[in-house]
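Q: query37.txt is reproduced below (compact mmCIF, C-alpha atoms and all ligand atoms).
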# COMPACT_ATOMS: atom_id res chain seq x y z
CA MET A 20 -91.79 46.59 -25.31
CA GLU A 21 -94.15 44.41 -27.37
CA PRO A 22 -92.09 41.83 -29.33
CA ILE A 23 -92.54 41.67 -33.12
CA VAL A 24 -91.50 39.14 -35.74
CA ILE A 25 -91.88 39.55 -39.49
CA SER A 26 -90.45 37.51 -42.35
CA THR A 27 -90.53 37.23 -46.12
CA TRP A 28 -92.91 35.21 -48.26
CA LYS A 29 -95.09 32.20 -47.60
CA HIS A 30 -92.38 29.99 -46.14
CA GLY A 31 -92.01 32.51 -43.35
CA LEU A 32 -95.07 31.32 -41.43
CA ALA A 33 -93.43 28.30 -39.77
CA ALA A 34 -90.32 30.38 -39.13
CA ASN A 35 -92.41 33.15 -37.56
CA GLN A 36 -94.08 30.66 -35.26
CA ALA A 37 -90.73 29.29 -34.05
CA ALA A 38 -89.38 32.80 -33.58
CA TRP A 39 -92.51 33.90 -31.77
CA GLU A 40 -92.27 31.05 -29.26
CA ILE A 41 -88.78 32.26 -28.36
CA LEU A 42 -89.76 35.93 -28.19
CA SER A 43 -92.94 35.38 -26.20
CA SER A 44 -91.07 33.43 -23.55
CA GLY A 45 -88.65 36.32 -23.06
CA GLY A 46 -85.93 35.17 -25.50
CA SER A 47 -83.65 37.53 -27.37
CA ALA A 48 -84.17 38.87 -30.88
CA LEU A 49 -80.96 37.11 -31.90
CA ASP A 50 -82.16 33.70 -30.70
CA ALA A 51 -85.58 34.27 -32.25
CA ALA A 52 -84.19 35.23 -35.67
CA GLU A 53 -81.84 32.24 -35.69
CA GLY A 54 -84.42 29.79 -34.35
CA GLY A 55 -86.96 31.00 -36.89
CA VAL A 56 -84.95 30.74 -40.10
CA ARG A 57 -83.41 27.41 -39.03
CA VAL A 58 -86.88 25.90 -39.49
CA THR A 59 -86.91 26.97 -43.15
CA GLU A 60 -83.30 25.95 -43.74
CA SER A 61 -84.00 22.41 -42.51
CA ASP A 62 -87.23 21.97 -44.51
CA PRO A 63 -86.47 19.97 -47.71
CA SER A 64 -89.79 21.03 -49.25
CA VAL A 65 -88.52 24.64 -49.50
CA HIS A 66 -86.44 24.68 -52.67
CA SER A 67 -84.72 28.00 -52.27
CA VAL A 68 -83.15 27.77 -48.82
CA GLY A 69 -80.84 25.28 -47.10
CA LEU A 70 -81.57 21.55 -47.45
CA GLY A 71 -82.96 20.69 -50.91
CA GLY A 72 -82.20 24.17 -52.29
CA ALA A 73 -81.81 24.88 -56.00
CA ARG A 74 -78.63 23.97 -57.87
CA MET A 75 -76.32 26.22 -59.79
CA ARG A 76 -76.49 25.85 -63.54
CA LYS A 77 -73.66 23.32 -63.57
CA GLY A 78 -75.61 21.18 -61.15
CA TRP A 79 -73.49 21.30 -58.07
CA CYS A 80 -74.69 22.51 -54.77
CA SER A 81 -74.92 26.23 -54.35
CA TRP A 82 -73.06 28.25 -51.83
CA MET A 83 -75.33 28.93 -48.94
CA PRO A 84 -75.06 32.58 -48.04
CA ALA A 85 -76.35 33.68 -44.67
CA SER A 86 -76.08 36.91 -42.80
CA TRP A 87 -76.78 38.52 -39.49
CA MET A 88 -77.23 41.92 -38.09
CA PRO A 89 -78.10 42.51 -34.45
CA ALA A 90 -78.82 46.01 -33.23
CA PRO A 91 -77.73 47.43 -30.92
CA GLY A 92 -74.53 45.45 -30.79
CA ARG A 93 -70.84 45.82 -31.20
CA TRP A 94 -70.74 43.17 -33.90
CA VAL A 95 -72.00 43.13 -37.44
CA ARG A 96 -71.00 39.92 -39.17
CA TRP A 97 -71.88 38.22 -42.44
CA GLN A 98 -70.99 34.94 -43.96
CA PRO A 99 -71.57 32.95 -47.11
CA TRP A 100 -71.43 29.23 -46.50
CA ARG A 101 -71.97 25.93 -48.26
CA ARG A 102 -73.05 22.51 -47.25
CA SER A 103 -74.09 23.16 -43.74
CA GLU A 104 -77.77 22.50 -43.16
CA ASN A 105 -78.03 25.61 -40.99
CA PRO A 106 -75.70 28.23 -42.44
CA ILE A 107 -77.35 30.88 -40.27
CA SER A 108 -75.87 29.22 -37.20
CA VAL A 109 -72.42 29.20 -38.79
CA ALA A 110 -72.89 32.88 -39.60
CA ARG A 111 -73.80 33.57 -35.98
CA ARG A 112 -70.63 31.81 -34.88
CA VAL A 113 -68.60 34.02 -37.22
CA MET A 114 -70.23 37.02 -35.60
CA GLU A 115 -69.59 35.85 -32.05
CA ALA A 116 -66.23 34.09 -32.35
CA THR A 117 -64.25 36.15 -34.87
CA PRO A 118 -63.49 39.83 -35.46
CA HIS A 119 -64.52 39.51 -39.14
CA VAL A 120 -67.47 40.62 -41.23
CA LEU A 121 -67.43 38.02 -44.01
CA LEU A 122 -65.86 34.58 -44.42
CA ALA A 123 -65.87 32.84 -47.80
CA GLY A 124 -64.33 29.88 -49.65
CA LYS A 125 -62.13 27.27 -48.06
CA GLY A 126 -61.42 29.46 -45.04
CA ALA A 127 -65.12 29.59 -44.27
CA PHE A 128 -65.41 25.85 -44.70
CA ASP A 129 -62.46 25.19 -42.38
CA PHE A 130 -63.82 27.64 -39.82
CA ALA A 131 -67.18 25.83 -39.67
CA LEU A 132 -65.51 22.45 -39.23
CA SER A 133 -63.27 23.85 -36.51
CA GLN A 134 -66.38 25.02 -34.68
CA GLY A 135 -67.94 21.58 -34.74
CA PHE A 136 -70.39 22.07 -37.62
CA GLU A 137 -70.85 19.01 -39.79
CA ARG A 138 -70.64 18.84 -43.54
CA THR A 139 -74.08 18.00 -44.89
CA ASN A 140 -75.23 16.81 -48.30
CA LEU A 141 -77.91 19.33 -49.22
CA LEU A 142 -78.76 17.72 -52.54
CA THR A 143 -82.09 15.95 -52.15
CA GLU A 144 -83.34 13.57 -54.85
CA GLU A 145 -86.16 16.01 -55.62
CA ALA A 146 -83.75 18.92 -56.12
CA PHE A 147 -81.57 16.76 -58.36
CA GLN A 148 -84.54 15.71 -60.51
CA THR A 149 -85.63 19.36 -60.80
CA TRP A 150 -82.17 20.31 -62.02
CA LEU A 151 -82.25 17.48 -64.60
CA ARG A 152 -85.62 18.75 -65.87
CA TRP A 153 -84.24 22.29 -66.06
CA ARG A 154 -81.31 21.01 -68.12
CA ARG A 155 -83.77 19.38 -70.54
CA GLY A 156 -85.67 22.68 -70.72
CA GLU A 157 -88.73 21.21 -69.03
CA THR A 158 -88.85 23.31 -65.84
CA ASP A 159 -91.04 26.33 -65.39
CA THR A 160 -88.46 28.58 -63.76
CA ARG A 161 -91.16 30.76 -62.22
CA GLU A 162 -91.93 27.90 -59.84
CA ILE A 163 -88.47 27.71 -58.40
CA SER A 164 -86.45 30.78 -59.26
CA HIS A 165 -86.28 32.44 -55.84
CA ASP A 166 -87.50 32.75 -52.26
CA THR A 167 -84.92 33.78 -49.69
CA ILE A 168 -86.05 33.88 -46.09
CA GLY A 169 -85.27 37.04 -44.18
CA LEU A 170 -86.63 37.45 -40.67
CA CYS A 171 -86.64 40.59 -38.52
CA ALA A 172 -87.24 40.28 -34.78
CA LEU A 173 -87.73 42.86 -32.04
CA ASP A 174 -87.54 41.56 -28.47
CA SER A 175 -89.08 42.88 -25.27
CA ARG A 176 -85.84 44.68 -24.38
CA GLY A 177 -86.06 46.65 -27.62
CA HIS A 178 -83.22 44.81 -29.35
CA LEU A 179 -83.52 44.17 -33.06
CA ALA A 180 -81.99 41.37 -35.15
CA VAL A 181 -82.33 40.38 -38.77
CA ALA A 182 -81.30 37.03 -40.25
CA CYS A 183 -81.18 36.27 -43.96
CA THR A 184 -80.50 32.86 -45.55
CA THR A 185 -80.87 31.43 -49.05
CA SER A 186 -79.55 28.96 -51.57
CA GLY A 187 -79.51 31.92 -53.96
CA LEU A 188 -81.07 32.41 -57.34
CA ALA A 189 -81.67 29.10 -59.10
CA TRP A 190 -79.38 28.15 -62.01
CA LYS A 191 -76.95 30.98 -61.37
CA LEU A 192 -73.42 31.06 -62.69
CA PRO A 193 -70.78 29.56 -60.39
CA GLY A 194 -69.09 32.46 -58.60
CA ARG A 195 -72.13 34.68 -58.60
CA VAL A 196 -72.66 36.48 -55.26
CA GLY A 197 -76.18 37.63 -54.45
CA ASP A 198 -77.53 40.15 -52.01
CA SER A 199 -78.12 37.88 -49.00
CA PRO A 200 -74.63 37.88 -47.45
CA ILE A 201 -73.89 41.51 -48.27
CA CYS A 202 -74.39 44.04 -45.50
CA GLY A 203 -77.03 46.60 -46.51
CA ALA A 204 -78.20 44.66 -49.57
CA GLY A 205 -79.91 41.47 -48.30
CA ALA A 206 -80.43 42.69 -44.74
CA PHE A 207 -79.77 45.62 -42.45
CA ALA A 208 -80.70 46.68 -38.92
CA GLU A 209 -80.07 49.83 -36.94
CA ALA A 210 -80.85 50.21 -33.25
CA HIS A 211 -83.86 52.42 -32.48
CA ILE A 212 -84.61 52.83 -36.20
CA GLY A 213 -85.60 49.51 -37.78
CA ALA A 214 -84.62 46.46 -39.76
CA ALA A 215 -85.17 45.36 -43.36
CA CYS A 216 -84.41 42.32 -45.52
CA ALA A 217 -84.82 41.43 -49.17
CA THR A 218 -86.01 38.53 -51.28
CA GLY A 219 -86.07 38.25 -55.06
CA VAL A 220 -83.46 39.05 -57.70
CA GLY A 221 -80.43 39.89 -55.59
CA GLU A 222 -78.81 42.00 -58.28
CA GLU A 223 -81.59 44.55 -57.81
CA ALA A 224 -81.14 44.79 -54.03
CA LEU A 225 -77.37 45.02 -54.50
CA ARG A 226 -77.57 47.88 -57.01
CA VAL A 227 -79.50 50.15 -54.67
CA ALA A 228 -78.20 48.81 -51.30
CA GLY A 229 -81.88 48.02 -50.77
CA SER A 230 -82.07 47.01 -47.11
CA PHE A 231 -79.81 49.85 -46.01
CA LEU A 232 -81.87 52.24 -48.11
CA VAL A 233 -85.13 51.23 -46.43
CA VAL A 234 -83.68 51.65 -42.92
CA GLU A 235 -82.03 54.92 -43.86
CA LEU A 236 -85.30 56.27 -45.22
CA MET A 237 -87.00 55.27 -41.96
CA ARG A 238 -84.30 57.17 -40.07
CA ASN A 239 -85.32 60.17 -42.13
CA GLY A 240 -88.96 59.85 -41.15
CA TYR A 241 -90.47 57.52 -43.75
CA GLU A 242 -93.09 55.04 -42.56
CA PRO A 243 -91.87 51.45 -43.23
CA ALA A 244 -94.31 50.85 -46.11
CA MET A 245 -93.36 54.14 -47.76
CA ALA A 246 -89.67 53.38 -47.33
CA CYS A 247 -90.15 50.02 -49.11
CA ARG A 248 -92.16 51.70 -51.84
CA GLU A 249 -89.42 54.26 -52.39
CA ALA A 250 -86.76 51.50 -52.57
CA CYS A 251 -88.86 49.68 -55.21
CA ARG A 252 -89.29 52.94 -57.13
CA ARG A 253 -85.52 53.42 -57.26
CA ILE A 254 -84.98 49.83 -58.42
CA ARG A 255 -87.53 50.34 -61.16
CA GLN A 256 -86.08 53.72 -62.13
CA ARG A 257 -82.59 52.29 -62.34
CA SER A 258 -83.67 49.24 -64.32
CA VAL A 259 -85.49 51.39 -66.85
CA ARG A 260 -82.65 53.91 -67.11
CA GLU A 261 -79.95 51.31 -67.54
CA SER A 262 -82.08 48.72 -69.39
CA LEU A 263 -81.12 46.08 -66.87
CA PRO A 264 -82.62 42.60 -67.16
CA SER A 265 -84.98 41.97 -64.26
CA ARG A 266 -84.46 38.18 -64.39
CA PRO A 267 -80.75 37.76 -65.10
CA TYR A 268 -80.57 33.98 -64.92
CA GLY A 269 -84.17 32.78 -64.88
N1 LIG A 301 -82.14 37.12 -53.22
C1 LIG A 301 -81.65 35.81 -53.58
C2 LIG A 301 -80.41 35.96 -54.43
O1 LIG A 301 -80.40 36.80 -55.31
C3 LIG A 301 -82.62 34.99 -54.32
C4 LIG A 301 -83.85 34.64 -53.57
O2 LIG A 301 -84.58 35.51 -53.08
O3 LIG A 301 -84.10 33.44 -53.43
O4 LIG A 301 -79.48 35.21 -54.25
Mind turning this structure into structure tokens?
Ligand code: ASP

A:
Amino acid sequence: MEPIVISTWKHGLAANQAAWEILSSGGSALDAAEGGVRVTESDPSVHSVGLGGARMRKGWCSWMPASWMPAPGRWVRWQPWRRSENPISVARRVMEATPHVLLAGKGAFDFALSQGFERTNLLTEEAFQTWLRWRRGETDTREISHDTIGLCALDSRGHLAVACTTSGLAWKLPGRVGDSPICGAGAFAEAHIGAACATGVGEEALRVAGSFLVVELMRNGYEPAMACREACRRIRQRSVRESLPSRPYG
């Protein structure tokens, strides 16, 4: 089978390249998805993922949600994480070394340390200065408000994997959980059907179980582009019907 890699937004190009090198040398979809998004997580010039990511409104470092879904596979595991430069690798460890779907809070922190991951200061000087400008009302939030990376990979054996990692919506309330670590919202994959992932205002993807919806529509015969269009139509329909704000914290 011809391998494929696809990811969200402009920051995905370097990630795609790293993933493609793994896939084209016979690597697995799982390794490709992890290897790809790790590039974005470790890049301090990307202000919405991993190192140098946006702060919460009180200024401290965001939780770093990351999630995984390989297909086919016995395991489906998700994990929100903070202060690890590569939360996607911690999430993979949760998937491979525990029977759980989601780890959060101190337990997640302790788990990562027990697995040999190091605590990392993700607050770069640039991210701190941006937060200070936001506090003074000087930041154009459109520049920084979001840009999760989600990456779907199909390997030559026909296995699919999707990885999703973010620092979450900028200036969010402490305690807010977005779509990225939630199964079916930020990412979803189903063997022999397809994979999908989301970027943007997580509340919207959560309300319609967006990634699950896209894959489920494909199962029912929709072409991928039409499935995405239908998911967007439902988001729009719901927002209009319920008068939901499209930019809850921007
Ligand atoms: N989807 C992310 C969230 O809501 C934001 C983003 O795309 O950066 O947490």

Q: Between A:Gly194, A:Glu60, A:Gly31, A:Glu144, which residue has the minimum interatomic distance to Gly124 in chain A, considering only C-alpha atoms?

A: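 Under the stated criterion, the closest residue is A:Gly194.
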
Q: Tell me which of A:Ile107, A:Val65, A:Val227, A:Ala33 sits closest to Ala182 in chain A, counting all atoms listed in the file.

A: A:Ile107

Q: List all protein, DNA and RNA residues that have at least one atom no more than 6 Å from any atom of ligand LIG 301 (chain A), counting all atoms listed in the file, and write them as a PyMOL selection string.

A: chain A and resi 67+165-167+185+187-188+197-199+218-221

Q: Given only C-alpha atoms as the basis, pick out the residue of A:Ala214, A:Gln256, A:Cys247, A:Val113 nearest to Leu173 in chain A.

A: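 Among the listed residues, the smallest separation from Leu173 in chain A belongs to A:Ala214.
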
Q: Might you pull out every residue within 10 Å of Cys251 in chain A, with all atoms listed in the file counted and same-chain residues fewer than 2 positions away left off, and present them as a list of chain:residue names?

A: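 Within the cut-off, the hits are A:Glu223, A:Ala224, A:Val227, A:Gly229, A:Val233, A:Met245, A:Ala246, A:Cys247, A:Arg248, A:Glu249, A:Arg253, A:Ile254, A:Arg255, A:Gln256, A:Arg257.
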
Q: May I have the residues within 12 Å of His178 in chain A as a list in words, using all atoms listed in the file and disregarding those fewer than 6 positions away in the same chain?

A: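 Near His178 in chain A, the qualifying residues are Met20, Glu21, Pro22, Ile23, Val24, Leu42, Gly45, Gly46, Ser47, Ala48, Leu49, Asp50, Ala51, Ala52, Met88, Pro89, Ala90, Pro91, Gly92, Cys171, Ala172, Ala208, Glu209, Ala210, His211, Ile212, Gly213 and Ala214 of chain A.
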
Q: Taking C-alpha atoms for each residue, export the selection above as a compact mmCIF listing (two decimals), keeping the file's coordinate frame.

A:
# COMPACT_ATOMS: atom_id res chain seq x y z
CA MET A 20 -91.79 46.59 -25.31
CA GLU A 21 -94.15 44.41 -27.37
CA PRO A 22 -92.09 41.83 -29.33
CA ILE A 23 -92.54 41.67 -33.12
CA VAL A 24 -91.50 39.14 -35.74
CA LEU A 42 -89.76 35.93 -28.19
CA GLY A 45 -88.65 36.32 -23.06
CA GLY A 46 -85.93 35.17 -25.50
CA SER A 47 -83.65 37.53 -27.37
CA ALA A 48 -84.17 38.87 -30.88
CA LEU A 49 -80.96 37.11 -31.90
CA ASP A 50 -82.16 33.70 -30.70
CA ALA A 51 -85.58 34.27 -32.25
CA ALA A 52 -84.19 35.23 -35.67
CA MET A 88 -77.23 41.92 -38.09
CA PRO A 89 -78.10 42.51 -34.45
CA ALA A 90 -78.82 46.01 -33.23
CA PRO A 91 -77.73 47.43 -30.92
CA GLY A 92 -74.53 45.45 -30.79
CA CYS A 171 -86.64 40.59 -38.52
CA ALA A 172 -87.24 40.28 -34.78
CA ALA A 208 -80.70 46.68 -38.92
CA GLU A 209 -80.07 49.83 -36.94
CA ALA A 210 -80.85 50.21 -33.25
CA HIS A 211 -83.86 52.42 -32.48
CA ILE A 212 -84.61 52.83 -36.20
CA GLY A 213 -85.60 49.51 -37.78
CA ALA A 214 -84.62 46.46 -39.76

Q: Out of A:Asn140, A:Thr59, A:Ser186, A:Ser133, which residue has the shortest atom-to-atom distance to Ala37 in chain A when counting only C-alpha atoms?

A: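 Of the candidates, the smallest distance to Ala37 in chain A is held by A:Thr59.
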
Q: For CA of Ile168 in chain A and CA of Ala204 in chain A, determine how far apart the two atoms are, in Å to one decimal place.

A: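 Computing the Euclidean distance for CA of Ile168 in chain A and CA of Ala204 in chain A yields 13.8 Å.
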
Q: CA of Ala34 in chain A to CA of Val181 in chain A: how many Å, to one decimal?

A: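 Separation between CA of Ala34 in chain A and CA of Val181 in chain A: 12.8 Å.
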
Q: Return the single residue from A:Gly177, A:Gly205, A:Gly169, A:Gly126 that is closest to Arg57 in chain A, with distances computed using only C-alpha atoms.

A: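 Among the listed residues, the smallest separation from Arg57 in chain A belongs to A:Gly169.
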
Q: What separation in Å, quoted to one decimal, exists between CA of Phe130 in chain A and CA of Val68 in chain A?

A: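 Computing it gives 21.3 Å between the two atoms.
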
Q: Calculated over only C-alpha atoms, which of the candidates A:Thr27, A:Asn239, A:Asn35, A:Ser108 has the smallest distance to Glu53 in chain A?

A: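 Checking each candidate against Glu53 in chain A, we get A:Ser108 as the closest.
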